[in-house]
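Visitor: Take this structure first; my questions come after.
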Amino acid sequence: MSPQGAEAWIEYLVRRKLPVRNSVQQRLKRQVRDSNVNLRDLGKLIKSDPVLCLYMVKTACQLHAAKGSEVTGIDHAISSLGLDHIEDVAFRVPAIKLNPTSTAQKMFFRSIANSHHAAVQARHWTQSRNSLFVDESYLAALFYGVGYWMLWHYAPLHMSEVQRKQREEGVDVVLAESDVLGCTVQEISKGLISDWGLSELAVTSLDHDNSPSRQILQRLHMRTINDPRLSDQELRDLNHLVQEKFFPVKIANWLCQTTQYGWHTTKAMKIVDIINDYLKSALSETLASLHQNCAAASREYHIPGTMAPAAEMLFIRSNTRPNYKLGPREIKALPRDIPQLAGNTSSAPAGPARDEPEAQAAAVVYEKPSLRDKVVFTQTAERLLKGSDLYSEPRHILQGTMQALHEGLGMERAAMFLIQQKGSSMKTAFTKGVEKQDAILSFYHSLEITSLFKRLSEKPSCIWITPDNRAKMLRLLPENYHGFVPESGALIMSIFIDKKPIAVVHADRGNAGKILSDFHHERFRYVCSAASLALKRMITGQ
C-alpha cells in the first residue's frame with residue numbers, strides 16, 4: 001500500500017531515521033572517545049555531513065524547545081549540545097555503507113549533495129549582502145530538500161517514477177511529483193521540518209503561499225533587464241519580495257534543483273539572472289561566484305561514485321543522461337516493506353486507458369459541423385450577453401453555459417471546475433452528458449502545482465487539445481485528468497471576473513471519434529466569454 005498525499009507521506013516518514021555514512025559515524029565515535037577532543041574539532045566533522053547535522057539540530061531543538069528558545073544555526077546547535085549529547089547521537093544514529101551498484105542510494109546521496117550546495121550558495125549570498133541571518137539561512141537552505149532525502153531512501157520506487165516522468169516524458173517536476181505522490185515533495189519537506197521543529201525559516205520558505213507565481217517570476221526576470229513595462233507598484237512589490245528573509249533560501253534551492261538538469265538550460269539561466277539582480281553584481285561576476293560556490297560545495301561534501309553538483313557544471317549539452325531510475329534487478333532486491341507504486345499513480349480514478357482496444361479501434365468521424373440545437377444555443381448565448389430574469393444567481397449563469405455547450409453546441413461531455421476562493425484548487429461543480437460513475441465527477445486539482453490549469457487560473461485563455469498535440473498537452477496536465485481527454489481532443493477555457501478566476505470549463509465530443517473543428521472552437525470560446533461578461537455584470541453591476 002502506498003501513501004498518497006502530503007499528510008499520508010509525512011505520517012509515514014516522520015518517525016523514520018536517515019542513515020549516516022558509516023565512515024563518518026566511525027570517525028565521530030573515535031573523536032568523542034578522545035579525551036583531548038574539543039567542540040570545534042567535532043563541529044568540523046559534523047558539518048561535513050548534512051544528515052549528521054540533521055540529527056544534531058533535531059536534538060538541540062528538542063532541548064531548546066523545553067526552554068522556549070530556538071536553534072539559529074549548525075554551530076549554535078553543536079555548542080548547545082555539548083560533548084555528552086553529541087556522544088549519545090553518535091552511538092544512536094543508524095549507519096550505511098556505500099553500495100556502488102545501487103541507483104537509489106546514489107540518488108539519495110545526490111539529493112543531499114544538492115541541498116548542501118544550496119546551503120553554501122545561500123550562505124555566500126547572505127554574507128555578500130551583510131545579512132544578520134547568515135547561519136539561519138544556511139540551516140534553512142540545507143534542510144529545504146529533506147523530503148528528497150527521505151523519499152529516495154524510503155520510497156525509491158516513487159522517486160524513480162518521478163524521474164522517469166520528468167526525463168522521458170518531459171513532465172514538469174511539480175506535476176510529476178503530484179501525479180506519483182499525490183502532493184509535491186516541497187509539501188512533504190515542510191511537514192517534516194515543522195513536525196521536527198528544525199527551522200521556522202525553512203517552514204516559511206517551503207510554504208507554497210510564499211512561492212512566486214509564474215507572472216511574478218516573469219516580472220522578476222523583467223526587472224533584471226530593466227524592462228520599462230513594469231509599473232512603479234510592481235517594482236515596489238518585487239523589491240519587497242527580494243527583501244524577504246526566505247528569498248535567498250528558496251532561490252538557492254531552485255537553482256540547485258534546476259542545474260542538476262544542466263547549467264545552461266533556459267530555466268537555469270533565468271534563475272541566474274534573478275540571482276544576479278539580487279546580488280546587484282555584474283553577470284560575469286555572479287556566474288563566476290556561483291561556479292566557485294558549486295565547486296567548494298562539491299569538495300566539502302563528496303561521495304565516491306556519486307555525481308557531484310559541480311560535475312553538471314562541466315557538461316555540455318548532450319542526450320546522455322545519468323542513471324536516474326531503478327533497474328529490474330535493483331527493484332527485485334528492494335525490501336518488501338517499502339511503499340509500492342500503485343497501478344495508477346493519480347490521486348483520483350482515471351478514465352479508460354488510451355491504449356485499450358476500444359480506444360484504438362475508434363475511427364475518426366468527419367462531418368459537416370453544425371449546432372445540435374440552434375434555438376437552445378442562440379437563446380442561451382443571448383441571455384448571457386444581454387441578461388435575463390432567469391439568471392438571478394451566478395450558478396444560473398454557469399448552468400446555462402453548460403446547457404449551451406452540451407444541448408446547443410453539441411459537445412458530448414461538458415464539465416465545469418470551480419476555482420476555490422483563494423485560488424488554490426479547483427474541483428468539479430457542474431457537468432452535462434456525464435455518466436454517474438464517471439471519474440470526472442470527483443476530479444480535484446491543486447492550483448499550486450505547475451500545470452496548464454495553473455496557467456488558465458492566472459490568465460483568461462482557451463486551450464484546444466487536438467489529436468496532433470494531445471501527447472504534448474497531456475504532459476502539461478495532471479495525470480488524473482488524462483483519462484478525461486478522448487483521442488479526438490478537448491477544449492478547455494477559464495472564466496474570469498475582471499482579474500479573478502472563477503472556473504475552468506472542459507468540453508469534448510466523446511470517444512466516438514468525432515473530431516473538434518474551428519466551428520466548435522470558436523463557439524466554445526464565444527459561450528465561455530459570454531459567461532464571463534454575464535458574471536461580471538451580475539457581480540459588479542456593470
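Identifiers in this document derive from the order of the C-alpha cells: chains are assigned A, B, ..., residues are numbered from 1 separately in each chain, and ligands are numbered from 1 in order of occurrence.
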Give me the residues near A:Ala155 as JSON, numbers by chain, where near means some atom within 12 Å (using only C-alpha atoms) and where sequence neighbours in that chain fewer than 2 positions away do not count.
Guide: {"A": [1, 2, 3, 4, 9, 12, 13, 16, 104, 105, 107, 108, 147, 148, 149, 150, 151, 152, 153, 157, 158, 159, 160, 161, 162, 180, 181, 185, 326, 331, 334, 335, 336, 337, 338, 339, 340, 341]}
Visitor: Set the distance at 12 Å and use only C-alpha atoms: which residues neighbour A:Val171 once local chain neighbours fewer than 5 positions away are removed? I'd like the list as a list in words.
Guide: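 Selected residues are Glu161, Val162, Gln163, Arg164, Lys165, Gln166, Ala176, Glu177, Ser178, Asp179, Val180, Thr450, Ser451, Leu452, Ala471, Lys472, Met473, Leu474, Arg475, Leu476, Leu477, Pro478 and Glu479 of chain A.
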Visitor: Which one of A:His521, A:His302, A:His240, A:Arg383 sits closest to A:Pro369 if you count only C-alpha atoms?
Guide: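 Nearest to A:Pro369: A:His521.
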Visitor: For A:Phe247, work out the shell of residues within 12 Å, counting only C-alpha atoms and skipping chain neighbours fewer than 5 positions away, then give it as a ChimeraX atom specification.
Guide: /A:122,125-126,133,137,140-141,201-202,204-207,210-212,238-242,252-254,274-275,278
Visitor: Would you mind exporting the chosen residues as a compact mmCIF listing (two decimals), in the first residue's frame, restricted to N, CA and C atoms?
Guide:
```txt
# COMPACT_ATOMS: atom_id res chain seq x y z
N ALA A 122 23.40 29.95 -0.52
CA ALA A 122 22.63 30.88 0.31
C ALA A 122 23.52 31.57 1.34
N TRP A 125 25.56 34.32 -0.48
CA TRP A 125 24.76 35.48 -0.87
C TRP A 125 24.41 36.35 0.33
N THR A 126 24.00 35.71 1.43
CA THR A 126 23.63 36.50 2.61
C THR A 126 24.84 37.19 3.22
N PHE A 133 21.27 37.18 9.11
CA PHE A 133 20.71 35.82 9.23
C PHE A 133 21.50 34.82 8.40
N SER A 137 19.98 31.22 7.53
CA SER A 137 19.70 30.96 6.11
C SER A 137 20.38 29.67 5.66
N ALA A 140 18.33 26.74 7.05
CA ALA A 140 17.06 26.57 6.34
C ALA A 140 17.27 26.02 4.94
N ALA A 141 18.29 26.53 4.24
CA ALA A 141 18.56 26.06 2.88
C ALA A 141 19.02 24.61 2.88
N LEU A 201 12.39 29.31 9.63
CA LEU A 201 12.66 29.93 8.34
C LEU A 201 12.49 28.92 7.20
N ALA A 202 12.90 27.67 7.42
CA ALA A 202 12.73 26.64 6.40
C ALA A 202 11.25 26.38 6.14
N THR A 204 8.78 28.51 6.56
CA THR A 204 8.28 29.68 5.83
C THR A 204 8.71 29.62 4.37
N SER A 205 9.95 29.23 4.13
CA SER A 205 10.49 29.16 2.77
C SER A 205 9.77 28.11 1.94
N LEU A 206 9.34 27.02 2.58
CA LEU A 206 8.69 25.91 1.88
C LEU A 206 7.20 26.12 1.69
N ASP A 207 6.65 27.14 2.30
CA ASP A 207 5.21 27.40 2.19
C ASP A 207 4.87 27.77 0.75
N ASN A 210 4.23 31.32 -0.26
CA ASN A 210 5.36 32.23 -0.43
C ASN A 210 6.12 31.98 -1.73
N SER A 211 5.64 31.03 -2.52
CA SER A 211 6.29 30.73 -3.80
C SER A 211 5.81 31.73 -4.85
N PRO A 212 6.71 32.44 -5.50
CA PRO A 212 6.29 33.39 -6.55
C PRO A 212 5.55 32.67 -7.67
N LEU A 238 8.04 43.76 -6.11
CA LEU A 238 9.19 42.89 -6.36
C LEU A 238 10.32 43.19 -5.39
N ASN A 239 10.53 44.46 -5.10
CA ASN A 239 11.57 44.83 -4.15
C ASN A 239 11.26 44.28 -2.77
N HIS A 240 9.99 44.29 -2.40
CA HIS A 240 9.57 43.74 -1.11
C HIS A 240 9.83 42.23 -1.07
N LEU A 241 9.56 41.55 -2.20
CA LEU A 241 9.75 40.10 -2.26
C LEU A 241 11.22 39.73 -2.06
N VAL A 242 12.12 40.39 -2.79
CA VAL A 242 13.54 40.01 -2.70
C VAL A 242 14.15 40.39 -1.35
N ALA A 252 18.00 29.68 -3.80
CA ALA A 252 19.19 28.81 -3.80
C ALA A 252 18.80 27.37 -4.08
N ASN A 253 17.71 26.91 -3.50
CA ASN A 253 17.26 25.54 -3.75
C ASN A 253 16.70 25.38 -5.16
N TRP A 254 16.02 26.40 -5.66
CA TRP A 254 15.55 26.34 -7.04
C TRP A 254 16.73 26.21 -8.00
N ILE A 274 18.00 36.26 -12.04
CA ILE A 274 17.33 36.75 -10.82
C ILE A 274 18.34 36.86 -9.67
N ILE A 275 19.22 35.87 -9.56
CA ILE A 275 20.26 35.91 -8.52
C ILE A 275 21.20 37.09 -8.75
N TYR A 278 19.55 40.09 -7.56
CA TYR A 278 19.52 40.07 -6.09
C TYR A 278 20.85 40.52 -5.50
```
Visitor: Taking only C-alpha atoms into account, name the residue in A:Val272, A:Ala490, A:Ala507, A:Ala282 that is nearest to A:Met411.
Guide: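 Under the stated criterion, the closest residue is A:Ala507.
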Visitor: Counting only C-alpha atoms, figure out which residue out of A:Cys183, A:Val24, A:Val93, A:Leu283 gets nearest to A:Glu7.
Guide: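 Ranking A:Cys183, A:Val24, A:Val93, A:Leu283 by distance to A:Glu7, first place goes to A:Cys183.
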